[in-house]
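Student: Just so it is clear, I am handing over final.cif, which has mmCIF, N, CA and C atoms.
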```
data_data
loop_
_atom_site.label_atom_id
_atom_site.label_comp_id
_atom_site.auth_asym_id
_atom_site.auth_seq_id
_atom_site.Cartn_x
_atom_site.Cartn_y
_atom_site.Cartn_z
N MET M 13 70.68 -47.14 44.17
CA MET M 13 69.29 -46.85 43.88
C MET M 13 68.79 -45.81 44.87
N ASP M 14 68.21 -44.74 44.36
CA ASP M 14 67.66 -43.69 45.20
C ASP M 14 66.17 -43.91 45.39
N VAL M 15 65.78 -44.01 46.65
CA VAL M 15 64.37 -44.19 47.00
C VAL M 15 63.92 -42.94 47.76
N PRO M 16 62.82 -42.33 47.34
CA PRO M 16 62.34 -41.16 48.07
C PRO M 16 61.97 -41.53 49.51
N LEU M 17 62.20 -40.59 50.42
CA LEU M 17 61.94 -40.84 51.84
C LEU M 17 60.47 -41.17 52.08
N TRP M 18 59.56 -40.47 51.41
CA TRP M 18 58.13 -40.72 51.64
C TRP M 18 57.75 -42.15 51.24
N LEU M 19 58.38 -42.67 50.18
CA LEU M 19 58.07 -44.04 49.75
C LEU M 19 58.62 -45.05 50.75
N ALA M 20 59.83 -44.81 51.23
CA ALA M 20 60.42 -45.72 52.22
C ALA M 20 59.58 -45.73 53.51
N LEU M 21 59.10 -44.56 53.94
CA LEU M 21 58.28 -44.50 55.15
C LEU M 21 56.95 -45.22 54.97
N ILE M 22 56.36 -45.10 53.80
CA ILE M 22 55.10 -45.80 53.54
C ILE M 22 55.30 -47.31 53.58
N VAL M 23 56.38 -47.78 52.95
CA VAL M 23 56.65 -49.22 52.92
C VAL M 23 56.94 -49.75 54.32
N VAL M 24 57.79 -49.06 55.06
CA VAL M 24 58.11 -49.50 56.42
C VAL M 24 56.88 -49.44 57.32
N GLY M 25 56.09 -48.39 57.18
CA GLY M 25 54.86 -48.28 57.97
C GLY M 25 53.87 -49.38 57.65
N ALA M 26 53.69 -49.68 56.38
CA ALA M 26 52.75 -50.74 55.99
C ALA M 26 53.22 -52.10 56.50
N LEU M 27 54.51 -52.37 56.39
CA LEU M 27 55.03 -53.64 56.90
C LEU M 27 54.90 -53.72 58.42
N GLY M 28 55.17 -52.61 59.10
CA GLY M 28 55.03 -52.60 60.56
C GLY M 28 53.61 -52.84 61.01
N ILE M 29 52.66 -52.22 60.33
CA ILE M 29 51.25 -52.41 60.69
C ILE M 29 50.82 -53.84 60.38
N LYS M 30 51.30 -54.37 59.27
CA LYS M 30 50.90 -55.72 58.88
C LYS M 30 51.51 -56.78 59.80
N LEU M 31 52.78 -56.59 60.19
CA LEU M 31 53.46 -57.62 60.98
C LEU M 31 53.21 -57.49 62.49
N ILE M 32 53.21 -56.27 63.01
CA ILE M 32 53.09 -56.08 64.45
C ILE M 32 51.63 -55.95 64.88
N ARG M 33 50.78 -55.46 64.01
CA ARG M 33 49.34 -55.30 64.25
C ARG M 33 49.03 -54.44 65.47
N PRO M 34 49.57 -53.19 65.51
CA PRO M 34 49.21 -52.32 66.64
C PRO M 34 47.78 -51.82 66.48
N PRO M 35 47.17 -51.37 67.56
CA PRO M 35 45.82 -50.80 67.44
C PRO M 35 45.86 -49.52 66.59
N TRP M 36 44.79 -49.27 65.86
CA TRP M 36 44.77 -48.11 64.96
C TRP M 36 44.85 -46.79 65.72
N TRP M 37 44.30 -46.75 66.94
CA TRP M 37 44.37 -45.51 67.71
C TRP M 37 45.81 -45.18 68.08
N LEU M 38 46.66 -46.22 68.30
CA LEU M 38 48.07 -45.98 68.62
C LEU M 38 48.81 -45.43 67.40
N VAL M 39 48.50 -45.95 66.24
CA VAL M 39 49.11 -45.44 65.00
C VAL M 39 48.72 -43.98 64.80
N ALA M 40 47.45 -43.66 65.02
CA ALA M 40 46.99 -42.28 64.85
C ALA M 40 47.64 -41.34 65.85
N VAL M 41 47.80 -41.77 67.10
CA VAL M 41 48.44 -40.94 68.12
C VAL M 41 49.90 -40.69 67.79
N ILE M 42 50.61 -41.71 67.33
CA ILE M 42 52.02 -41.55 66.97
C ILE M 42 52.18 -40.60 65.78
N LEU M 43 51.33 -40.76 64.77
CA LEU M 43 51.42 -39.87 63.60
C LEU M 43 51.08 -38.43 63.96
N LEU M 44 50.02 -38.24 64.73
CA LEU M 44 49.63 -36.90 65.13
C LEU M 44 50.68 -36.28 66.05
N GLY M 45 51.21 -37.06 66.97
CA GLY M 45 52.26 -36.55 67.85
C GLY M 45 53.51 -36.15 67.09
N GLY M 46 53.91 -36.94 66.12
CA GLY M 46 55.07 -36.60 65.31
C GLY M 46 54.85 -35.34 64.49
N TYR M 47 53.65 -35.20 63.97
CA TYR M 47 53.32 -34.00 63.20
C TYR M 47 53.36 -32.76 64.08
N LEU M 48 52.79 -32.86 65.27
CA LEU M 48 52.78 -31.72 66.18
C LEU M 48 54.17 -31.39 66.71
N LEU M 49 55.00 -32.40 66.97
CA LEU M 49 56.37 -32.15 67.43
C LEU M 49 57.21 -31.50 66.35
N ALA M 50 56.97 -31.85 65.10
CA ALA M 50 57.76 -31.30 64.00
C ALA M 50 57.53 -29.80 63.85
N ASP M 51 56.41 -29.31 64.33
CA ASP M 51 56.08 -27.89 64.20
C ASP M 51 56.18 -27.15 65.53
N SER M 52 56.81 -27.77 66.53
CA SER M 52 56.88 -27.17 67.85
C SER M 52 58.24 -26.50 68.07
N ILE M 53 58.39 -25.91 69.25
CA ILE M 53 59.68 -25.28 69.59
C ILE M 53 60.74 -26.33 69.90
N LEU M 54 60.33 -27.59 70.07
CA LEU M 54 61.28 -28.66 70.33
C LEU M 54 61.91 -29.22 69.06
N ALA M 55 61.42 -28.81 67.90
CA ALA M 55 61.91 -29.36 66.63
C ALA M 55 63.42 -29.17 66.45
N PRO M 56 64.00 -27.99 66.71
CA PRO M 56 65.45 -27.85 66.55
C PRO M 56 66.24 -28.77 67.48
N LEU M 57 65.75 -28.97 68.70
CA LEU M 57 66.43 -29.85 69.65
C LEU M 57 66.40 -31.30 69.16
N ILE M 58 65.25 -31.73 68.68
CA ILE M 58 65.11 -33.09 68.16
C ILE M 58 65.98 -33.26 66.92
N ASP M 59 66.00 -32.27 66.05
CA ASP M 59 66.80 -32.34 64.83
C ASP M 59 68.28 -32.44 65.15
N SER M 60 68.75 -31.65 66.10
CA SER M 60 70.17 -31.69 66.44
C SER M 60 70.54 -33.00 67.10
N THR M 61 69.62 -33.60 67.83
CA THR M 61 69.88 -34.89 68.47
C THR M 61 69.98 -36.00 67.43
N ILE M 62 69.12 -35.95 66.44
CA ILE M 62 69.08 -37.00 65.42
C ILE M 62 70.27 -36.91 64.47
N THR M 63 70.66 -35.69 64.11
CA THR M 63 71.69 -35.53 63.08
C THR M 63 73.12 -35.55 63.63
N LYS M 64 73.31 -35.79 64.92
CA LYS M 64 74.66 -35.85 65.47
C LYS M 64 75.41 -37.05 65.01
#
```
Show me, as structure tokens, the structure contained in the file I just sent.
Tutor:
Amino acid sequence: MDVPLWLALIVVGALGIKLIRPPWWLVAVILLGGYLLADSILAPLIDSTITK
């Protein structure tokens, strides 16, 4: 079964928020930080580390 990545991330994120109950500001900081890192000069380094 093929599941789109965006759907899997939404499901995992919703379960994590429901079960762990982190503060909303922490969720916002993590999402914003990930978005900013994905468009930074560090993106190729992070990508090569993850895909090894």
Student: Asp59 (chain M): which residues within 12 Å, counting only C-alpha atoms, same-chain residues fewer than 6 positions away excluded, as JSON, numbers by chain?
Tutor: {"M": [49, 50, 51, 52, 53]}
Student: List every residue of chain M that DSSP, applied to the backbone of this structure, places in alpha helix (DSSP H), and write the result as a JSON list (two decimals) with N, CA and C atoms, keeping the file's coordinate frame.
Tutor:
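What follows is the written file selection.json:
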```json
[["chain", "number", "residue", "atom", "x", "y", "z"],
["M", 17, "LEU", "N", 62.20, -40.59, 50.42],
["M", 17, "LEU", "CA", 61.94, -40.84, 51.84],
["M", 17, "LEU", "C", 60.47, -41.17, 52.08],
["M", 18, "TRP", "N", 59.56, -40.47, 51.41],
["M", 18, "TRP", "CA", 58.13, -40.72, 51.64],
["M", 18, "TRP", "C", 57.75, -42.15, 51.24],
["M", 19, "LEU", "N", 58.38, -42.67, 50.18],
["M", 19, "LEU", "CA", 58.07, -44.04, 49.75],
["M", 19, "LEU", "C", 58.62, -45.05, 50.75],
["M", 20, "ALA", "N", 59.83, -44.81, 51.23],
["M", 20, "ALA", "CA", 60.42, -45.72, 52.22],
["M", 20, "ALA", "C", 59.58, -45.73, 53.51],
["M", 21, "LEU", "N", 59.10, -44.56, 53.94],
["M", 21, "LEU", "CA", 58.28, -44.50, 55.15],
["M", 21, "LEU", "C", 56.95, -45.22, 54.97],
["M", 22, "ILE", "N", 56.36, -45.10, 53.80],
["M", 22, "ILE", "CA", 55.10, -45.80, 53.54],
["M", 22, "ILE", "C", 55.30, -47.31, 53.58],
["M", 23, "VAL", "N", 56.38, -47.78, 52.95],
["M", 23, "VAL", "CA", 56.65, -49.22, 52.92],
["M", 23, "VAL", "C", 56.94, -49.75, 54.32],
["M", 24, "VAL", "N", 57.79, -49.06, 55.06],
["M", 24, "VAL", "CA", 58.11, -49.50, 56.42],
["M", 24, "VAL", "C", 56.88, -49.44, 57.32],
["M", 25, "GLY", "N", 56.09, -48.39, 57.18],
["M", 25, "GLY", "CA", 54.86, -48.28, 57.97],
["M", 25, "GLY", "C", 53.87, -49.38, 57.65],
["M", 26, "ALA", "N", 53.69, -49.68, 56.38],
["M", 26, "ALA", "CA", 52.75, -50.74, 55.99],
["M", 26, "ALA", "C", 53.22, -52.10, 56.50],
["M", 27, "LEU", "N", 54.51, -52.37, 56.39],
["M", 27, "LEU", "CA", 55.03, -53.64, 56.90],
["M", 27, "LEU", "C", 54.90, -53.72, 58.42],
["M", 28, "GLY", "N", 55.17, -52.61, 59.10],
["M", 28, "GLY", "CA", 55.03, -52.60, 60.56],
["M", 28, "GLY", "C", 53.61, -52.84, 61.01],
["M", 29, "ILE", "N", 52.66, -52.22, 60.33],
["M", 29, "ILE", "CA", 51.25, -52.41, 60.69],
["M", 29, "ILE", "C", 50.82, -53.84, 60.38],
["M", 30, "LYS", "N", 51.30, -54.37, 59.27],
["M", 30, "LYS", "CA", 50.90, -55.72, 58.88],
["M", 30, "LYS", "C", 51.51, -56.78, 59.80],
["M", 31, "LEU", "N", 52.78, -56.59, 60.19],
["M", 31, "LEU", "CA", 53.46, -57.62, 60.98],
["M", 31, "LEU", "C", 53.21, -57.49, 62.49],
["M", 32, "ILE", "N", 53.21, -56.27, 63.01],
["M", 32, "ILE", "CA", 53.09, -56.08, 64.45],
["M", 32, "ILE", "C", 51.63, -55.95, 64.88],
["M", 36, "TRP", "N", 44.79, -49.27, 65.86],
["M", 36, "TRP", "CA", 44.77, -48.11, 64.96],
["M", 36, "TRP", "C", 44.85, -46.79, 65.72],
["M", 37, "TRP", "N", 44.30, -46.75, 66.94],
["M", 37, "TRP", "CA", 44.37, -45.51, 67.71],
["M", 37, "TRP", "C", 45.81, -45.18, 68.08],
["M", 38, "LEU", "N", 46.66, -46.22, 68.30],
["M", 38, "LEU", "CA", 48.07, -45.98, 68.62],
["M", 38, "LEU", "C", 48.81, -45.43, 67.40],
["M", 39, "VAL", "N", 48.50, -45.95, 66.24],
["M", 39, "VAL", "CA", 49.11, -45.44, 65.00],
["M", 39, "VAL", "C", 48.72, -43.98, 64.80],
["M", 40, "ALA", "N", 47.45, -43.66, 65.02],
["M", 40, "ALA", "CA", 46.99, -42.28, 64.85],
["M", 40, "ALA", "C", 47.64, -41.34, 65.85],
["M", 41, "VAL", "N", 47.80, -41.77, 67.10],
["M", 41, "VAL", "CA", 48.44, -40.94, 68.12],
["M", 41, "VAL", "C", 49.90, -40.69, 67.79],
["M", 42, "ILE", "N", 50.61, -41.71, 67.33],
["M", 42, "ILE", "CA", 52.02, -41.55, 66.97],
["M", 42, "ILE", "C", 52.18, -40.60, 65.78],
["M", 43, "LEU", "N", 51.33, -40.76, 64.77],
["M", 43, "LEU", "CA", 51.42, -39.87, 63.60],
["M", 43, "LEU", "C", 51.08, -38.43, 63.96],
["M", 44, "LEU", "N", 50.02, -38.24, 64.73],
["M", 44, "LEU", "CA", 49.63, -36.90, 65.13],
["M", 44, "LEU", "C", 50.68, -36.28, 66.05],
["M", 45, "GLY", "N", 51.21, -37.06, 66.97],
["M", 45, "GLY", "CA", 52.26, -36.55, 67.85],
["M", 45, "GLY", "C", 53.51, -36.15, 67.09],
["M", 46, "GLY", "N", 53.91, -36.94, 66.12],
["M", 46, "GLY", "CA", 55.07, -36.60, 65.31],
["M", 46, "GLY", "C", 54.85, -35.34, 64.49],
["M", 47, "TYR", "N", 53.65, -35.20, 63.97],
["M", 47, "TYR", "CA", 53.32, -34.00, 63.20],
["M", 47, "TYR", "C", 53.36, -32.76, 64.08],
["M", 48, "LEU", "N", 52.79, -32.86, 65.27],
["M", 48, "LEU", "CA", 52.78, -31.72, 66.18],
["M", 48, "LEU", "C", 54.17, -31.39, 66.71],
["M", 49, "LEU", "N", 55.00, -32.40, 66.97],
["M", 49, "LEU", "CA", 56.37, -32.15, 67.43],
["M", 49, "LEU", "C", 57.21, -31.50, 66.35],
["M", 50, "ALA", "N", 56.97, -31.85, 65.10],
["M", 50, "ALA", "CA", 57.76, -31.30, 64.00],
["M", 50, "ALA", "C", 57.53, -29.80, 63.85],
["M", 55, "ALA", "N", 61.42, -28.81, 67.90],
["M", 55, "ALA", "CA", 61.91, -29.36, 66.63],
["M", 55, "ALA", "C", 63.42, -29.17, 66.45],
["M", 56, "PRO", "N", 64.00, -27.99, 66.71],
["M", 56, "PRO", "CA", 65.45, -27.85, 66.55],
["M", 56, "PRO", "C", 66.24, -28.77, 67.48],
["M", 57, "LEU", "N", 65.75, -28.97, 68.70],
["M", 57, "LEU", "CA", 66.43, -29.85, 69.65],
["M", 57, "LEU", "C", 66.40, -31.30, 69.16],
["M", 58, "ILE", "N", 65.25, -31.73, 68.68],
["M", 58, "ILE", "CA", 65.11, -33.09, 68.16],
["M", 58, "ILE", "C", 65.98, -33.26, 66.92],
["M", 59, "ASP", "N", 66.00, -32.27, 66.05],
["M", 59, "ASP", "CA", 66.80, -32.34, 64.83],
["M", 59, "ASP", "C", 68.28, -32.44, 65.15],
["M", 60, "SER", "N", 68.75, -31.65, 66.10],
["M", 60, "SER", "CA", 70.17, -31.69, 66.44],
["M", 60, "SER", "C", 70.54, -33.00, 67.10],
["M", 61, "THR", "N", 69.62, -33.60, 67.83],
["M", 61, "THR", "CA", 69.88, -34.89, 68.47],
["M", 61, "THR", "C", 69.98, -36.00, 67.43],
["M", 62, "ILE", "N", 69.12, -35.95, 66.44],
["M", 62, "ILE", "CA", 69.08, -37.00, 65.42],
["M", 62, "ILE", "C", 70.27, -36.91, 64.47]]
```
Student: Take CA of Pro56 (chain M) and CA of Leu27 (chain M) and report the distance between them in Å, one decimal.
Tutor: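 That distance, rounded to one decimal, is 29.4 Å.
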